[in-house]
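Source file: start.cif; contents: mmCIF, C-alpha atoms and all ligand atoms.
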data_final
loop_
_atom_site.label_atom_id
_atom_site.label_comp_id
_atom_site.auth_asym_id
_atom_site.auth_seq_id
_atom_site.Cartn_x
_atom_site.Cartn_y
_atom_site.Cartn_z
CA MET A 1 4.50 -15.02 13.72
CA SER A 2 4.46 -13.80 10.12
CA LEU A 3 5.29 -16.23 7.31
CA LEU A 4 8.34 -14.15 6.37
CA GLU A 5 10.07 -11.92 8.91
CA VAL A 6 12.98 -9.78 7.76
CA GLU A 7 14.93 -7.74 10.29
CA GLY A 8 17.81 -5.33 9.97
CA LEU A 9 19.20 -6.41 6.60
CA ASN A 10 22.40 -4.69 5.51
CA SER A 11 23.63 -5.65 2.05
CA TYR A 12 26.66 -4.49 0.10
CA TYR A 13 28.19 -4.79 -3.35
CA GLY A 14 31.89 -4.74 -2.52
CA ASP A 15 32.33 -1.63 -0.38
CA SER A 16 29.05 -0.03 -1.50
CA HIS A 17 26.48 -0.17 1.25
CA ILE A 18 23.12 -0.66 -0.53
CA LEU A 19 20.54 -1.83 2.04
CA PHE A 20 20.37 -0.14 5.44
CA ASP A 21 18.57 -2.05 8.21
CA VAL A 22 15.76 -3.20 5.93
CA SER A 23 12.96 -4.83 7.90
CA MET A 24 9.74 -6.23 6.46
CA ARG A 25 7.16 -8.82 7.25
CA VAL A 26 4.91 -10.79 4.92
CA GLU A 27 1.85 -12.67 6.13
CA LYS A 28 0.70 -15.93 4.62
CA ASN A 29 -1.57 -15.33 1.58
CA GLU A 30 -0.49 -11.70 1.38
CA VAL A 31 0.72 -9.76 -1.67
CA VAL A 32 3.34 -7.26 -0.56
CA ALA A 33 4.85 -4.77 -2.98
CA LEU A 34 8.20 -3.05 -2.66
CA ILE A 35 8.31 0.20 -4.60
CA GLY A 36 10.82 3.00 -4.99
CA ARG A 37 12.87 4.92 -7.50
CA ASN A 38 15.44 3.34 -9.82
CA GLY A 39 18.43 2.22 -7.83
CA ALA A 40 16.60 2.42 -4.49
CA GLY A 41 17.48 -1.18 -3.66
CA LYS A 42 14.37 -3.15 -4.64
CA SER A 43 16.11 -5.87 -6.64
CA THR A 44 18.88 -6.05 -4.06
CA THR A 45 16.27 -6.67 -1.38
CA LEU A 46 14.75 -9.58 -3.34
CA LYS A 47 18.22 -10.97 -4.08
CA SER A 48 19.14 -10.67 -0.40
CA LEU A 49 15.99 -12.56 0.63
CA MET A 50 16.84 -15.28 -1.86
CA GLY A 51 20.50 -15.58 -0.86
CA VAL A 52 21.72 -14.45 -4.29
CA VAL A 53 23.23 -11.44 -2.53
CA ARG A 54 24.46 -12.39 0.91
CA PRO A 55 23.41 -9.79 3.50
CA ARG A 56 26.25 -8.82 5.83
CA THR A 57 23.94 -8.56 8.81
CA GLY A 58 20.29 -9.19 9.53
CA SER A 59 17.79 -11.94 9.83
CA ILE A 60 15.43 -13.59 7.30
CA ARG A 61 13.02 -16.02 8.91
CA LEU A 62 10.64 -18.11 6.85
CA GLU A 63 8.10 -19.85 9.08
CA GLY A 64 10.50 -19.14 11.91
CA GLU A 65 13.49 -20.76 10.22
CA GLU A 66 16.58 -18.58 9.77
CA LEU A 67 17.66 -18.31 6.12
CA ALA A 68 20.16 -15.43 6.22
CA GLY A 69 23.57 -16.66 5.11
CA ARG A 70 22.22 -19.65 3.21
CA LYS A 71 22.88 -20.10 -0.48
CA ALA A 72 20.12 -19.57 -3.03
CA HIS A 73 19.54 -23.26 -3.74
CA ALA A 74 19.10 -23.91 -0.01
CA VAL A 75 16.68 -20.99 0.28
CA ALA A 76 14.77 -22.37 -2.72
CA ARG A 77 14.53 -25.73 -1.02
CA ARG A 78 12.97 -24.06 2.03
CA GLY A 79 10.20 -22.66 -0.16
CA MET A 80 11.25 -19.29 -1.59
CA GLN A 81 11.40 -18.67 -5.33
CA LEU A 82 12.72 -15.59 -7.12
CA VAL A 83 11.54 -14.80 -10.64
CA HIS A 84 14.44 -12.70 -11.92
CA GLU A 85 13.96 -9.63 -14.07
CA ASP A 86 15.86 -11.35 -16.89
CA ARG A 87 13.53 -14.42 -16.72
CA ARG A 88 16.22 -17.13 -17.03
CA ILE A 89 14.45 -19.76 -19.07
CA PHE A 90 16.20 -22.37 -21.20
CA GLY A 91 15.93 -21.21 -24.81
CA SER A 92 16.79 -24.59 -26.31
CA LEU A 93 14.13 -26.45 -24.31
CA ASN A 94 10.43 -26.25 -25.00
CA VAL A 95 7.88 -24.79 -22.60
CA GLU A 96 6.92 -28.09 -21.01
CA GLU A 97 10.54 -29.22 -20.63
CA ASN A 98 11.37 -25.90 -18.97
CA ILE A 99 8.59 -26.40 -16.43
CA ILE A 100 9.36 -30.05 -15.73
CA LEU A 101 13.07 -29.34 -15.29
CA ALA A 102 12.34 -26.54 -12.80
CA GLY A 103 10.20 -28.88 -10.73
CA LEU A 104 12.57 -31.85 -10.71
CA THR A 105 14.24 -31.23 -7.36
CA ALA A 106 11.20 -29.78 -5.59
CA GLU A 107 9.67 -31.52 -2.59
CA ASN A 108 6.13 -30.69 -3.72
CA ARG A 109 5.11 -29.93 -7.26
CA TRP A 110 2.15 -28.35 -8.96
CA PRO A 111 0.69 -30.70 -11.58
CA LEU A 112 1.19 -29.41 -15.13
CA ASP A 113 -2.59 -29.06 -15.50
CA ARG A 114 -2.67 -26.52 -12.71
CA ILE A 115 0.10 -24.50 -14.38
CA TYR A 116 -1.74 -24.61 -17.68
CA GLU A 117 -4.99 -23.58 -16.04
CA MET A 118 -3.19 -20.49 -14.71
CA PHE A 119 -1.49 -19.81 -18.06
CA PRO A 120 -3.59 -21.23 -20.93
CA ARG A 121 -1.19 -19.55 -23.34
CA LEU A 122 1.62 -21.83 -22.12
CA LYS A 123 -0.51 -24.87 -22.83
CA GLU A 124 -0.99 -23.69 -26.40
CA ARG A 125 2.75 -23.11 -26.69
CA ARG A 126 3.91 -26.16 -24.73
CA THR A 127 6.02 -27.61 -27.56
CA SER A 128 7.58 -24.27 -28.53
CA ARG A 129 11.19 -23.59 -27.63
CA GLY A 130 12.02 -20.88 -25.14
CA THR A 131 13.70 -18.79 -27.82
CA ASP A 132 10.53 -18.79 -29.92
CA LEU A 133 8.36 -17.26 -27.20
CA SER A 134 7.28 -13.63 -27.03
CA GLY A 135 8.43 -11.53 -24.08
CA GLY A 136 5.09 -12.01 -22.35
CA GLU A 137 5.16 -15.77 -22.87
CA GLN A 138 8.70 -15.91 -21.52
CA GLN A 139 7.56 -14.04 -18.43
CA MET A 140 4.65 -16.46 -17.96
CA LEU A 141 7.09 -19.35 -18.31
CA ALA A 142 9.48 -17.81 -15.79
CA ILE A 143 6.64 -17.51 -13.28
CA ALA A 144 5.45 -21.03 -14.11
CA ARG A 145 8.95 -22.37 -13.40
CA ALA A 146 8.75 -20.83 -9.95
CA LEU A 147 5.20 -22.01 -9.24
CA VAL A 148 5.77 -25.61 -10.24
CA ARG A 149 7.93 -25.92 -7.11
CA ASP A 150 4.91 -24.99 -4.99
CA PRO A 151 6.73 -22.13 -3.21
CA ARG A 152 5.68 -20.74 0.15
CA VAL A 153 6.69 -17.30 -1.08
CA VAL A 154 7.30 -16.17 -4.63
CA LEU A 155 9.39 -13.05 -5.27
CA LEU A 156 8.57 -11.30 -8.56
CA ASP A 157 11.11 -8.79 -9.87
CA GLU A 158 9.46 -6.41 -12.35
CA PRO A 159 7.24 -9.02 -14.02
CA PHE A 160 5.52 -6.47 -16.29
CA GLU A 161 8.62 -4.64 -17.46
CA GLY A 162 8.90 -4.11 -21.19
CA LEU A 163 5.64 -5.88 -21.99
CA ALA A 164 2.81 -4.55 -24.18
CA PRO A 165 -0.30 -3.37 -22.27
CA VAL A 166 -2.43 -6.24 -23.59
CA ILE A 167 0.12 -8.76 -22.27
CA VAL A 168 0.37 -6.93 -18.96
CA ARG A 169 -3.40 -7.31 -18.66
CA ASP A 170 -3.20 -11.11 -19.17
CA LEU A 171 -0.32 -11.44 -16.72
CA MET A 172 -2.12 -9.24 -14.20
CA ARG A 173 -5.12 -11.52 -14.41
CA ALA A 174 -2.93 -14.56 -13.79
CA CYS A 175 -1.25 -12.84 -10.81
CA GLN A 176 -4.66 -11.90 -9.40
CA ASP A 177 -5.84 -15.51 -9.74
CA LEU A 178 -2.67 -16.60 -8.02
CA ALA A 179 -3.23 -14.15 -5.17
CA ARG A 180 -6.86 -15.23 -4.82
CA ALA A 181 -5.70 -18.84 -4.63
CA GLY A 182 -3.66 -17.79 -1.57
CA GLN A 183 -0.17 -17.59 -3.04
CA THR A 184 2.07 -15.35 -0.94
CA ILE A 185 3.85 -12.88 -3.22
CA VAL A 186 6.49 -10.18 -2.82
CA LEU A 187 6.34 -7.93 -5.86
CA VAL A 188 8.79 -5.35 -7.16
CA GLU A 189 7.27 -3.38 -10.01
CA GLN A 190 7.59 0.06 -11.65
CA ASN A 191 4.02 -0.03 -12.97
CA LEU A 192 2.33 1.69 -10.05
CA ALA A 193 -1.24 1.08 -11.21
CA ALA A 194 -0.59 -2.64 -11.58
CA THR A 195 1.21 -2.72 -8.24
CA LEU A 196 -1.57 -1.03 -6.34
CA ALA A 197 -4.16 -3.25 -8.03
CA LEU A 198 -2.33 -6.40 -6.95
CA ALA A 199 -0.83 -5.59 -3.58
CA ASP A 200 -2.44 -5.74 -0.16
CA ARG A 201 0.37 -3.86 1.47
CA VAL A 202 3.24 -1.71 0.27
CA TYR A 203 6.74 -0.84 1.44
CA ILE A 204 8.48 2.17 -0.04
CA ILE A 205 12.25 1.92 -0.18
CA ASN A 206 14.36 5.03 -0.61
CA ASN A 207 18.17 4.99 -0.89
CA GLY A 208 18.23 1.55 0.70
CA HIS A 209 16.05 2.55 3.67
CA ILE A 210 12.43 1.52 4.23
CA ALA A 211 10.67 4.89 4.21
CA HIS A 212 7.01 3.87 4.48
CA GLU A 213 4.81 0.87 5.11
CA GLY A 214 1.04 0.68 4.78
CA PRO A 215 -2.00 -0.76 3.02
CA ALA A 216 -1.97 -0.36 -0.77
CA SER A 217 -5.48 1.09 -0.64
CA GLU A 218 -4.26 4.02 1.49
CA LEU A 219 -1.31 4.86 -0.72
CA LYS A 220 -3.68 5.95 -3.48
CA LYS A 221 -4.89 8.67 -1.09
CA GLN A 222 -1.36 9.84 -0.27
CA PRO A 223 -0.13 11.61 -3.41
CA GLU A 224 2.51 13.45 -1.36
CA LEU A 225 4.22 10.14 -0.54
CA LEU A 226 4.14 9.06 -4.18
CA GLN A 227 5.54 12.44 -5.18
CA ARG A 228 8.29 12.43 -2.56
CA TYR A 229 9.53 8.88 -3.05
CA LEU A 230 8.55 7.99 -6.59
CA GLY A 231 8.34 11.35 -8.31
CA VAL A 232 4.83 10.63 -9.63
N1 LIG B 301 25.96 -6.15 -9.18
C1 LIG B 301 26.08 -4.91 -8.70
N2 LIG B 301 27.30 -4.39 -8.38
C2 LIG B 301 27.42 -3.16 -7.88
N3 LIG B 301 26.38 -2.32 -7.65
C3 LIG B 301 25.16 -2.76 -7.96
C4 LIG B 301 24.93 -4.08 -8.49
N4 LIG B 301 23.60 -4.24 -8.67
C5 LIG B 301 23.02 -3.09 -8.28
N5 LIG B 301 23.94 -2.20 -7.85
C6 LIG B 301 23.68 -0.85 -7.31
O1 LIG B 301 22.91 -1.03 -6.13
C7 LIG B 301 21.92 0.00 -6.03
C8 LIG B 301 20.56 -0.64 -5.88
O2 LIG B 301 20.25 -1.36 -7.08
P1 LIG B 301 18.94 -2.22 -7.26
O3 LIG B 301 19.05 -2.94 -8.55
O4 LIG B 301 18.68 -2.99 -6.03
O5 LIG B 301 17.85 -1.09 -7.38
P2 LIG B 301 16.34 -1.15 -7.81
O6 LIG B 301 15.59 -0.37 -6.80
O7 LIG B 301 15.94 -2.54 -8.07
O8 LIG B 301 16.34 -0.30 -9.13
P3 LIG B 301 15.96 -0.63 -10.64
O9 LIG B 301 14.53 -0.34 -10.74
O10 LIG B 301 16.81 0.34 -11.38
O11 LIG B 301 16.33 -2.06 -10.87
C9 LIG B 301 22.08 0.87 -7.27
O12 LIG B 301 22.86 1.98 -6.90
C10 LIG B 301 22.81 -0.02 -8.23
O13 LIG B 301 23.61 0.75 -9.09
#
Would you encode the structure as structure tokens?
Ligand SMILES: Nc1ncnc2c1ncn2[C@@H]1O[C@H](COP(=O)(O)OP(=O)(O)OP(=O)(O)O)[C@@H](O)[C@H]1O
Amino acid sequence: MSLLEVEGLNSYYGDSHILFDVSMRVEKNEVVALIGRNGAGKSTTLKSLMGVVRPRTGSIRLEGEELAGRKAHAVARRGMQLVHEDRRIFGSLNVEENIILAGLTAENRWPLDRIYEMFPRLKERRTSRGTDLSGGEQQMLAIARALVRDPRVVLLDEPFEGLAPVIVRDLMRACQDLARAGQTIVLVEQNLAATLALADRVYIINNGHIAHEGPASELKKQPELLQRYLGV
């Protein structure tokens, strides 16, 4: 049994059918990336896993437990965390308050020291308000807010988007440390180099259909796939 088993997801916005029989599996300690063109359905897949979008049909099993149809807070309680593209931190609270608040209702929590070891920059900025952080620091804080709840699976939606290359490098390093420490991650990211550096395995989604699945290391040798589905 895989840690996360997704079968036959069909998701809609109103009458628009967005995901078509999406199936994926994620092993424990694995980093799985979901890539595809703009509008292919990557964010909708993460939102469907998290219960933010409610799939009309399909199954989402985490450690064998069915999560499809549950609300996001219930899914979070079972050990899934989604770091949204728009980060969702509290601007009026400082860094440490943001982290503590996120962890309040969690069954298990990372100690603050472990968070700060992963993101030394957050330790330096721990008394700064959310609104005073740079984009990169906000992204670190958004990830920290997910990690403090000691998730079984963390879903990252475009964590490097809009960040300067030097910040991307720092965040990449943190994500690599996280992966090495055994954190299971599902990553959606436009930065293909970063994606292939981080991921063990990749799914390509095209018009809401899973079009390819395979090891990240092999995708680098398949330029025709990248051309066909990503236009690169
Ligand atoms: N809230 C919404 N209401 C209606 N349609 C939506 C909504 N969110 C997304 N869509 C549509 O669903 C489709 C899939 O969007 P989604 O955000 O999942 O794509 P994506 O692969 O993550 O792309 P991007 O990289 O542009 O975020 C697109 O056609 C998009 O316009």
Find the axis-aligned box for ligand LIG 301 (chain B), covering all its listed atoms and adding 8 Å on each side, and write its centre and edge lengths in Å to one decimal as JSON.
{"center_x": 21.0, "center_y": -2.1, "center_z": -8.6, "size_x": 28.9, "size_y": 24.1, "size_z": 21.5}
(request) Write out as a ChimeraX atom specification each polymer residue whose atoms come within 10 Å of Gln139 in chain A, counting only C-alpha atoms; drop sequence neighbours fewer than 2 positions from it. (result) /A:83-89,133-137,141-145,158-161,163,167,171
Keeping C-alpha atoms, export the residues of the selection given above as a short mmCIF file (atom, residue, chain, number, x, y, z; two decimals), in the coordinates of the input.
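again_31.cif written:
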data_model
loop_
_atom_site.label_atom_id
_atom_site.label_comp_id
_atom_site.auth_asym_id
_atom_site.auth_seq_id
_atom_site.Cartn_x
_atom_site.Cartn_y
_atom_site.Cartn_z
CA VAL A 83 11.54 -14.80 -10.64
CA HIS A 84 14.44 -12.70 -11.92
CA GLU A 85 13.96 -9.63 -14.07
CA ASP A 86 15.86 -11.35 -16.89
CA ARG A 87 13.53 -14.42 -16.72
CA ARG A 88 16.22 -17.13 -17.03
CA ILE A 89 14.45 -19.76 -19.07
CA LEU A 133 8.36 -17.26 -27.20
CA SER A 134 7.28 -13.63 -27.03
CA GLY A 135 8.43 -11.53 -24.08
CA GLY A 136 5.09 -12.01 -22.35
CA GLU A 137 5.16 -15.77 -22.87
CA LEU A 141 7.09 -19.35 -18.31
CA ALA A 142 9.48 -17.81 -15.79
CA ILE A 143 6.64 -17.51 -13.28
CA ALA A 144 5.45 -21.03 -14.11
CA ARG A 145 8.95 -22.37 -13.40
CA GLU A 158 9.46 -6.41 -12.35
CA PRO A 159 7.24 -9.02 -14.02
CA PHE A 160 5.52 -6.47 -16.29
CA GLU A 161 8.62 -4.64 -17.46
CA LEU A 163 5.64 -5.88 -21.99
CA ILE A 167 0.12 -8.76 -22.27
CA LEU A 171 -0.32 -11.44 -16.72
#
List as a Markdown table every residue of range 97-203 of chain A that is in contact with range 10-24 of chain A, defined as an atom at most 12 Å from one of its atoms (using all atoms listed in the file), together with the nearest atom pair and the distance in Å rounded to one decimal, sorted by chain and then rising number.
| residue | atom | partner | partner_atom | distance |
| --- | --- | --- | --- | --- |
| A:Val186 | CA | A:Met24 | CA | 10.6 |
| A:Arg201 | CA | A:Met24 | CA | 10.9 |
| A:Val202 | CA | A:Met24 | CA | 10.0 |
| A:Tyr203 | CA | A:Met24 | CA | 8.0 |
Go ahead and write the residues just picked, C-alpha atoms, as a CSV table (one decimal), keeping the file's coordinate frame.
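Listing of result_26.csv after writing:
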chain,number,residue,atom,x,y,z
A,186,VAL,CA,6.5,-10.2,-2.8
A,201,ARG,CA,0.4,-3.9,1.5
A,202,VAL,CA,3.2,-1.7,0.3
A,203,TYR,CA,6.7,-0.8,1.4
Could you give me, as CSV, every chain A residue with an atom at most 9 Å from ligand LIG 301 (chain B), plus its closest atom pair and distance in Å to one decimal, counting all atoms listed in the file, rows ordered by chain then number?
residue,atom,partner,partner_atom,distance
A:Tyr12,CA,B:LIG301,O1,8.1
A:Tyr13,CA,B:LIG301,C2,4.9
A:Gly14,CA,B:LIG301,C2,7.2
A:Ser16,CA,B:LIG301,N3,7.1
A:His17,CA,B:LIG301,O1,8.2
A:Ile18,CA,B:LIG301,O1,5.6
A:Leu19,CA,B:LIG301,C8,8.0
A:Leu34,CA,B:LIG301,O6,8.9
A:Ile35,CA,B:LIG301,O6,7.6
A:Gly36,CA,B:LIG301,O6,6.1
A:Arg37,CA,B:LIG301,O6,6.0
A:Asn38,CA,B:LIG301,O10,3.6
A:Gly39,CA,B:LIG301,O5,3.4
A:Ala40,CA,B:LIG301,O6,3.8
A:Gly41,CA,B:LIG301,O4,3.2
A:Lys42,CA,B:LIG301,O6,3.7
A:Ser43,CA,B:LIG301,O7,3.6
A:Thr44,CA,B:LIG301,O4,3.6
A:Thr45,CA,B:LIG301,O4,6.4
A:Leu46,CA,B:LIG301,O4,8.1
A:Lys47,CA,B:LIG301,O4,8.2
A:Val53,CA,B:LIG301,N1,8.9
A:Glu85,CA,B:LIG301,O11,8.6
A:Asp157,CA,B:LIG301,O7,8.1
A:Glu158,CA,B:LIG301,O9,8.1
A:Val188,CA,B:LIG301,O7,7.7
A:Glu189,CA,B:LIG301,O9,7.9
A:Gln190,CA,B:LIG301,O9,7.0
A:Ile205,CA,B:LIG301,O6,7.8
A:Asn206,CA,B:LIG301,O6,8.3
A:Asn207,CA,B:LIG301,C8,7.9
A:Gly208,CA,B:LIG301,C8,7.3
Residues from last step as file, C-alpha atoms, as a PDB file, keeping the file's coordinate frame:
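That gives us result20.pdb:
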ATOM      1  CA  TYR A  12      26.660  -4.490   0.100  1.00  0.00           C
ATOM      2  CA  TYR A  13      28.190  -4.790  -3.350  1.00  0.00           C
ATOM      3  CA  GLY A  14      31.890  -4.740  -2.520  1.00  0.00           C
ATOM      4  CA  SER A  16      29.050  -0.030  -1.500  1.00  0.00           C
ATOM      5  CA  HIS A  17      26.480  -0.170   1.250  1.00  0.00           C
ATOM      6  CA  ILE A  18      23.120  -0.660  -0.530  1.00  0.00           C
ATOM      7  CA  LEU A  19      20.540  -1.830   2.040  1.00  0.00           C
ATOM      8  CA  LEU A  34       8.200  -3.050  -2.660  1.00  0.00           C
ATOM      9  CA  ILE A  35       8.310   0.200  -4.600  1.00  0.00           C
ATOM     10  CA  GLY A  36      10.820   3.000  -4.990  1.00  0.00           C
ATOM     11  CA  ARG A  37      12.870   4.920  -7.500  1.00  0.00           C
ATOM     12  CA  ASN A  38      15.440   3.340  -9.820  1.00  0.00           C
ATOM     13  CA  GLY A  39      18.430   2.220  -7.830  1.00  0.00           C
ATOM     14  CA  ALA A  40      16.600   2.420  -4.490  1.00  0.00           C
ATOM     15  CA  GLY A  41      17.480  -1.180  -3.660  1.00  0.00           C
ATOM     16  CA  LYS A  42      14.370  -3.150  -4.640  1.00  0.00           C
ATOM     17  CA  SER A  43      16.110  -5.870  -6.640  1.00  0.00           C
ATOM     18  CA  THR A  44      18.880  -6.050  -4.060  1.00  0.00           C
ATOM     19  CA  THR A  45      16.270  -6.670  -1.380  1.00  0.00           C
ATOM     20  CA  LEU A  46      14.750  -9.580  -3.340  1.00  0.00           C
ATOM     21  CA  LYS A  47      18.220 -10.970  -4.080  1.00  0.00           C
ATOM     22  CA  VAL A  53      23.230 -11.440  -2.530  1.00  0.00           C
ATOM     23  CA  GLU A  85      13.960  -9.630 -14.070  1.00  0.00           C
ATOM     24  CA  ASP A 157      11.110  -8.790  -9.870  1.00  0.00           C
ATOM     25  CA  GLU A 158       9.460  -6.410 -12.350  1.00  0.00           C
ATOM     26  CA  VAL A 188       8.790  -5.350  -7.160  1.00  0.00           C
ATOM     27  CA  GLU A 189       7.270  -3.380 -10.010  1.00  0.00           C
ATOM     28  CA  GLN A 190       7.590   0.060 -11.650  1.00  0.00           C
ATOM     29  CA  ILE A 205      12.250   1.920  -0.180  1.00  0.00           C
ATOM     30  CA  ASN A 206      14.360   5.030  -0.610  1.00  0.00           C
ATOM     31  CA  ASN A 207      18.170   4.990  -0.890  1.00  0.00           C
ATOM     32  CA  GLY A 208      18.230   1.550   0.700  1.00  0.00           C
TER      33      GLY A 208
END
(message) Counting only C-alpha atoms, which residue out of A:Ser2, A:Gln81, A:Ser217, A:Thr105 sits closest to Val52 in chain A?
(response)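 Smallest separation from Val52 in chain A among the options: A:Gln81.
Among A:Gly231, A:Pro55, A:Gly91, A:Gly64, the residue with the shortest atom-to-atom distance to Ser128 in chain A, counting all atoms listed in the file, is A:Gly91.
Going from CA of Met118 in chain A over to CA of Leu82 in chain A, you cover 18.3 Å.
Computed from the coordinates, the CA of Thr195 in chain A to CA of Arg126 in chain A distance equals 28.8 Å.
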(request) Would you work out the distance separating CA of Leu62 in chain A from CA of Leu3 in chain A, expressed in Å to one decimal? (result)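 Spanning CA of Leu62 in chain A to CA of Leu3 in chain A is a straight-line distance of 5.7 Å.
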(request) Give the answer as one residue: which of A:Gly130, A:Arg173, A:Tyr116, A:Val154 has the shortest atom-to-atom distance to Leu187 in chain A, using all atoms listed in the file? (result)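 Ranking A:Gly130, A:Arg173, A:Tyr116, A:Val154 by distance to Leu187 in chain A, first place goes to A:Val154.
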